[in-house]
>>> print(open('work-v1.cif').read())   # mmCIF, C-alpha atoms
data_target
loop_
_atom_site.label_atom_id
_atom_site.label_comp_id
_atom_site.auth_asym_id
_atom_site.auth_seq_id
_atom_site.Cartn_x
_atom_site.Cartn_y
_atom_site.Cartn_z
CA MET B 1 25.63 28.01 92.82
CA LYS B 2 26.46 31.35 91.24
CA ASN B 3 29.16 33.40 92.90
CA GLN B 4 28.44 36.66 94.69
CA GLN B 5 29.47 38.88 91.81
CA ASP B 6 27.23 37.00 89.37
CA ILE B 7 24.24 37.50 91.66
CA ILE B 8 24.85 41.22 92.05
CA VAL B 9 25.29 41.55 88.28
CA GLN B 10 22.00 39.76 87.68
CA ILE B 11 20.11 42.07 90.06
CA ARG B 12 21.74 45.12 88.46
CA GLN B 13 20.85 43.94 84.98
CA GLN B 14 17.25 43.30 86.01
CA LYS B 15 17.14 46.73 87.76
CA MET B 16 14.26 45.60 89.97
CA LEU B 17 13.79 43.01 92.69
CA PRO B 18 10.20 41.87 93.25
CA LEU B 19 9.51 40.89 96.86
CA TYR B 20 6.54 39.33 98.57
CA PHE B 21 5.23 36.84 101.10
CA HIS B 22 2.01 34.85 101.21
CA LYS B 23 1.11 32.24 103.78
CA ASP B 24 -0.41 29.96 101.13
CA VAL B 25 2.25 27.88 99.42
CA GLN B 26 0.38 27.56 96.12
CA VAL B 27 -0.18 31.31 95.90
CA SER B 28 3.52 31.82 96.64
CA ILE B 29 4.45 29.44 93.83
CA ASP B 30 1.95 30.90 91.37
CA VAL B 31 3.23 34.44 91.96
CA LEU B 32 6.76 33.19 91.34
CA LYS B 33 5.62 31.57 88.09
CA ALA B 34 3.90 34.78 86.97
CA LEU B 35 7.05 36.78 87.61
CA TYR B 36 9.17 34.21 85.79
CA GLN B 37 6.76 34.33 82.85
CA ALA B 38 7.34 38.09 82.69
CA GLY B 39 11.09 37.54 82.43
CA ILE B 40 12.08 38.11 86.05
CA ARG B 41 15.16 36.12 87.06
CA ALA B 42 15.72 37.27 90.66
CA VAL B 43 13.07 37.36 93.39
CA GLU B 44 13.07 38.05 97.13
CA TYR B 45 10.63 35.97 99.15
CA THR B 46 10.19 37.54 102.57
CA ASN B 47 10.46 35.76 105.91
CA ARG B 48 7.31 37.29 107.38
CA GLY B 49 5.23 34.38 108.57
CA ALA B 50 5.37 30.95 110.20
CA GLU B 51 4.93 29.37 106.77
CA ALA B 52 7.95 31.08 105.22
CA VAL B 53 10.47 28.25 105.55
CA ALA B 54 8.17 25.51 104.25
CA ASN B 55 6.95 27.74 101.42
CA PHE B 56 10.50 28.69 100.49
CA LYS B 57 11.55 25.04 100.29
CA ALA B 58 8.63 24.28 97.99
CA MET B 59 9.50 27.28 95.83
CA ARG B 60 13.13 26.18 95.71
CA THR B 61 12.03 22.79 94.38
CA ILE B 62 9.95 24.42 91.64
CA VAL B 63 12.82 26.71 90.67
CA ASN B 64 15.22 23.79 90.45
CA GLU B 65 12.77 21.76 88.36
CA SER B 66 11.34 24.29 85.94
CA MET B 67 12.82 27.80 86.25
CA PRO B 68 16.35 27.79 84.84
CA GLY B 69 18.24 30.98 85.56
CA MET B 70 16.03 32.08 88.46
CA LEU B 71 17.70 33.39 91.61
CA LEU B 72 15.56 32.84 94.69
CA GLY B 73 16.55 34.96 97.67
CA ILE B 74 15.06 35.40 101.10
CA GLY B 75 14.40 38.69 102.88
CA THR B 76 13.58 39.89 106.39
CA VAL B 77 16.35 37.76 107.85
CA LYS B 78 17.34 39.22 111.21
CA THR B 79 18.92 36.37 113.17
CA VAL B 80 21.75 33.91 112.71
CA GLU B 81 19.27 31.07 113.18
CA ASP B 82 17.07 32.29 110.34
CA ALA B 83 20.09 32.84 108.11
CA GLU B 84 21.31 29.30 108.71
CA ARG B 85 17.82 27.90 108.15
CA PHE B 86 17.41 29.57 104.76
CA ILE B 87 20.96 28.87 103.66
CA LYS B 88 20.21 25.20 104.26
CA ALA B 89 16.94 25.60 102.31
CA GLY B 90 18.88 26.80 99.28
CA ALA B 91 18.69 30.61 99.29
CA ASP B 92 20.74 32.26 96.55
CA PHE B 93 21.06 35.53 98.47
CA ILE B 94 19.93 36.93 101.80
CA ILE B 95 18.45 40.34 102.54
CA SER B 96 18.07 41.82 106.01
CA PRO B 97 16.03 44.79 107.22
CA VAL B 98 18.87 45.72 109.58
CA VAL B 99 22.67 45.63 109.82
CA TYR B 100 23.65 42.75 112.09
CA PRO B 101 27.30 41.65 111.73
CA PRO B 102 26.76 38.05 112.98
CA VAL B 103 24.27 37.49 110.16
CA ALA B 104 26.70 39.06 107.69
CA LYS B 105 29.41 36.59 108.73
CA VAL B 106 27.18 33.52 108.45
CA VAL B 107 25.91 34.52 105.03
CA GLN B 108 29.31 35.44 103.63
CA ASP B 109 30.96 32.34 105.09
CA ALA B 110 28.39 30.37 103.07
CA GLY B 111 29.49 32.21 99.93
CA LEU B 112 26.22 34.11 99.52
CA VAL B 113 25.38 37.77 98.94
CA TRP B 114 24.26 39.68 102.03
CA ILE B 115 22.18 42.80 101.35
CA PRO B 116 21.38 44.64 104.60
CA GLY B 117 18.73 47.26 105.15
CA CYS B 118 20.11 50.69 106.04
CA LEU B 119 18.83 54.21 106.53
CA THR B 120 21.49 56.35 108.19
CA PRO B 121 25.06 56.99 107.01
CA THR B 122 26.33 55.16 110.10
CA GLU B 123 24.31 52.06 109.19
CA ILE B 124 25.53 52.22 105.60
CA PHE B 125 29.13 52.53 106.76
CA THR B 126 28.71 49.63 109.19
CA ALA B 127 27.28 47.50 106.39
CA GLU B 128 30.22 48.36 104.14
CA MET B 129 32.71 47.52 106.89
CA ASN B 130 31.02 44.13 107.27
CA GLY B 131 31.38 43.23 103.61
CA ALA B 132 28.19 44.47 101.98
CA LYS B 133 28.54 45.35 98.28
CA MET B 134 24.91 46.42 97.94
CA VAL B 135 22.63 47.97 100.54
CA LYS B 136 18.87 48.24 100.72
CA ILE B 137 17.71 51.73 101.66
CA PHE B 138 14.66 50.97 103.77
CA PRO B 139 12.10 52.33 104.11
CA GLY B 140 12.70 54.35 100.96
CA SER B 141 9.44 56.24 101.44
CA VAL B 142 10.86 57.99 104.50
CA VAL B 143 13.78 59.59 102.69
CA GLY B 144 13.04 59.67 98.96
CA PRO B 145 15.40 59.88 95.97
CA SER B 146 16.99 63.15 97.14
CA TYR B 147 18.50 61.28 100.09
CA ILE B 148 20.36 58.93 97.75
CA SER B 149 21.76 61.93 95.87
CA ALA B 150 22.93 63.48 99.15
CA ILE B 151 24.79 60.45 100.53
CA LYS B 152 25.90 58.46 97.49
CA GLU B 153 29.22 60.25 97.07
CA LEU B 154 30.18 59.29 100.63
CA PHE B 155 30.14 55.62 99.63
CA PRO B 156 31.57 55.36 96.10
CA GLY B 157 32.11 51.62 96.37
CA LEU B 158 28.54 50.72 97.35
CA LEU B 159 25.45 49.93 95.29
CA PHE B 160 22.09 51.27 96.45
CA MET B 161 18.65 49.66 96.14
CA PRO B 162 15.66 51.41 97.75
CA THR B 163 12.75 49.33 98.97
CA GLY B 164 9.45 50.64 100.28
CA GLY B 165 7.98 53.68 98.59
CA VAL B 166 9.00 52.74 95.05
CA ASP B 167 6.00 53.12 92.76
CA THR B 168 5.37 51.49 89.37
CA THR B 169 5.16 54.81 87.51
CA ALA B 170 7.85 55.88 85.07
CA GLU B 171 8.22 59.22 86.85
CA ASN B 172 8.88 57.70 90.28
CA ILE B 173 11.21 55.00 89.00
CA LYS B 174 13.21 57.53 86.96
CA GLU B 175 13.62 59.77 90.02
CA TRP B 176 15.28 56.94 91.93
CA PHE B 177 17.65 56.00 89.11
CA ASP B 178 18.51 59.63 88.42
CA ALA B 179 19.51 59.83 92.10
CA GLY B 180 21.99 56.99 91.60
CA VAL B 181 20.38 53.68 92.56
CA VAL B 182 21.20 50.55 90.54
CA ALA B 183 17.96 48.66 91.26
CA VAL B 184 14.65 49.10 93.07
CA GLY B 185 12.89 46.69 95.38
CA MET B 186 9.21 46.40 94.44
CA GLY B 187 6.71 44.89 96.86
CA SER B 188 3.05 45.77 97.32
CA LYS B 189 3.03 48.39 94.58
CA LEU B 190 3.74 45.61 92.08
CA ILE B 191 2.39 42.50 93.79
CA THR B 192 -0.75 44.19 95.11
CA LYS B 193 -3.22 42.89 97.67
CA LYS B 194 -5.83 42.68 94.92
CA ILE B 195 -3.58 40.55 92.73
CA LEU B 196 -2.93 38.20 95.64
CA GLN B 197 -6.52 38.03 96.86
CA GLU B 198 -8.05 37.56 93.43
CA LYS B 199 -5.16 35.49 92.07
CA GLN B 200 -4.72 37.78 89.09
CA TYR B 201 -1.49 36.20 87.91
CA ASP B 202 -1.88 37.25 84.26
CA GLU B 203 -2.27 40.84 85.46
CA LEU B 204 0.90 40.49 87.54
CA THR B 205 2.79 39.26 84.49
CA ARG B 206 1.43 42.17 82.44
CA LEU B 207 2.25 44.81 85.07
CA THR B 208 5.73 43.39 85.57
CA LYS B 209 6.40 43.65 81.85
CA VAL B 210 5.23 47.28 81.91
CA VAL B 211 7.71 48.07 84.69
CA GLN B 212 10.46 46.23 82.86
CA GLU B 213 9.83 48.35 79.78
CA ILE B 214 10.20 51.47 81.90
CA LEU B 215 13.46 50.15 83.29
CA ILE B 216 14.83 49.29 79.84
CA ASN B 217 14.42 52.92 78.81
CA ILE B 218 16.32 54.22 81.86
CA GLN B 219 19.99 54.81 81.25
#
>>> encode(input="work-v1.cif", output="structure tokens")
Amino acid sequence: MKNQQDIIVQIRQQKMLPLYFHKDVQVSIDVLKALYQAGIRAVEYTNRGAEAVANFKAMRTIVNESMPGMLLGIGTVKTVEDAERFIKAGADFIISPVVYPPVAKVVQDAGLVWIPGCLTPTEIFTAEMNGAKMVKIFPGSVVGPSYISAIKELFPGLLFMPTGGVDTTAENIKEWFDAGVVAVGMGSKLITKKILQEKQYDELTRLTKVVQEILINIQ
């Protein structure tokens, strides 16, 4: 298991965190393979369906067997019970849509990175006081890059990653990084409904590489 700092460094180096859920386990695995083929080494699978735990366990097996260097995290974790369940299933990091201190304690006691979802300064401060080193600004579409610029100086020790509302265009991505984020969460704009429905895994690999090229050119 990598330590917390190593995981944060890997997400920062990658500058993006793909995230998705699909109820079909094979689709979930094939998307993961397509992302890995593109060079992605950290992914957030989201806990948004009854199949999430079983799918995650199957994905964890594949990662252990054939994806060296891949970090497999779980998102949309709101309760202590879910946190414990996914820690046992082998999550490398845990992302929440909210700031809930009991979840923070369970995750950090297990030696994992906890990335909570925040929107207001009070939520960001609460996350920081409960040990968060990185926060997810969610939903990013509600506030935009200018919000990051406005609040970032209040929290000099924190890393910011917007999720929701981040597009795959160079212009949009650059706006977020110019505002001071260190990474962007990319869900349905990258892993689109069409890609999932039509199983266009080669297209996902291609699009991911395009986004990575944009990110490489951002200072």
>>> residues_around(input="work-v1.cif", residues="B:Arg48", least_positions_apart="3", cutoff="9 Å", atoms="only C-alpha atoms", output="JSON, numbers by chain")
{"B": [21, 22, 23, 45, 51, 52, 75, 76]}
>>> write_last_selection(input="work-v1.cif", atoms="C-alpha atoms", output="CSV table (one decimal), in the frame of the given file")
chain,number,residue,atom,x,y,z
B,21,PHE,CA,5.2,36.8,101.1
B,22,HIS,CA,2.0,34.8,101.2
B,23,LYS,CA,1.1,32.2,103.8
B,45,TYR,CA,10.6,36.0,99.2
B,51,GLU,CA,4.9,29.4,106.8
B,52,ALA,CA,8.0,31.1,105.2
B,75,GLY,CA,14.4,38.7,102.9
B,76,THR,CA,13.6,39.9,106.4
>>> residues_around(input="work-v1.cif", residues="B:Ala110", least_positions_apart="3", cutoff="8 Å", atoms="only C-alpha atoms", output="PyMOL selection string")
chain B and resi 87+106-107
>>> closest_residue(input="work-v1.cif", among="B:Val31, B:Leu17, B:Arg12, B:Pro116", to="B:Gln197", atoms="all atoms listed in the file")
B:Val31
>>> atom_distance(input="work-v1.cif", atom1="atom CA of B:Phe86", atom2="atom CA of B:Leu196")
23.9 Å
>>> closest_atom_pairs(input="work-v1.cif", of="stretch 51-110 of chain B", to="stretch 136-157 of chain B", cutoff="12 Å", atoms="only C-alpha atoms", output="CSV")
residue,atom,partner,partner_atom,distance
B:Gly75,CA,B:Lys136,CA,10.8
B:Thr76,CA,B:Lys136,CA,11.4
B:Ile94,CA,B:Lys136,CA,11.4
B:Ile95,CA,B:Lys136,CA,8.1
B:Ser96,CA,B:Lys136,CA,8.4
B:Pro97,CA,B:Phe138,CA,7.2
B:Val98,CA,B:Phe138,CA,8.9
B:Val99,CA,B:Lys136,CA,10.2
>>> atom_distance(input="work-v1.cif", atom1="atom CA of B:Ala50", atom2="atom CA of B:Gly185")
22.9 Å
>>> atom_distance(input="work-v1.cif", atom1="atom CA of B:Gly165", atom2="atom CA of B:Met134")
18.4 Å
>>> closest_residue(input="work-v1.cif", among="B:Asp109, B:Gly73, B:Tyr20, B:Ile62", to="B:Gly49", atoms="only C-alpha atoms")
B:Tyr20
>>> closest_residue(input="work-v1.cif", among="B:Ala34, B:Val77, B:Ala91, B:Val43", to="B:Lys57", atoms="all atoms listed in the file")
B:Ala91
>>> resolve_selection(input="work-v1.cif", expression="the PyMOL selection byres ((chain B and resi 166-176) around 9)", output="PyMOL selection string")
chain B and resi 140-141+144-146+148+162-165+177-187+189-190+207-208+210-211+214-215+218
>>> closest_residue(input="work-v1.cif", among="B:Asp24, B:Glu84, B:Glu65, B:Asp92", to="B:Ala104", atoms="all atoms listed in the file")
B:Glu84
>>> resolve_selection(input="work-v1.cif", expression="the PyMOL selection byres ((chain B and resi 69) around 12)", output="ChimeraX atom specification")
/B:1-2,6-7,10,36,39-43,63-68,70-72,92
>>> closest_residue(input="work-v1.cif", among="B:Lys133, B:Lys193, B:Lys105, B:Arg60", to="B:Val80", atoms="all atoms listed in the file")
B:Lys105
>>> closest_residue(input="work-v1.cif", among="B:Leu112, B:Leu158, B:Ala38, B:Val25", to="B:Ala127", atoms="only C-alpha atoms")
B:Leu158
>>> axis_aligned_box(input="work-v1.cif", around="stretch 185-196 of chain B", padding_each_side="5 Å", output="AutoDock Vina command-line options")
--center_x 3.5 --center_y 43.3 --center_z 94.9 --size_x 28.7 --size_y 20.2 --size_z 15.6
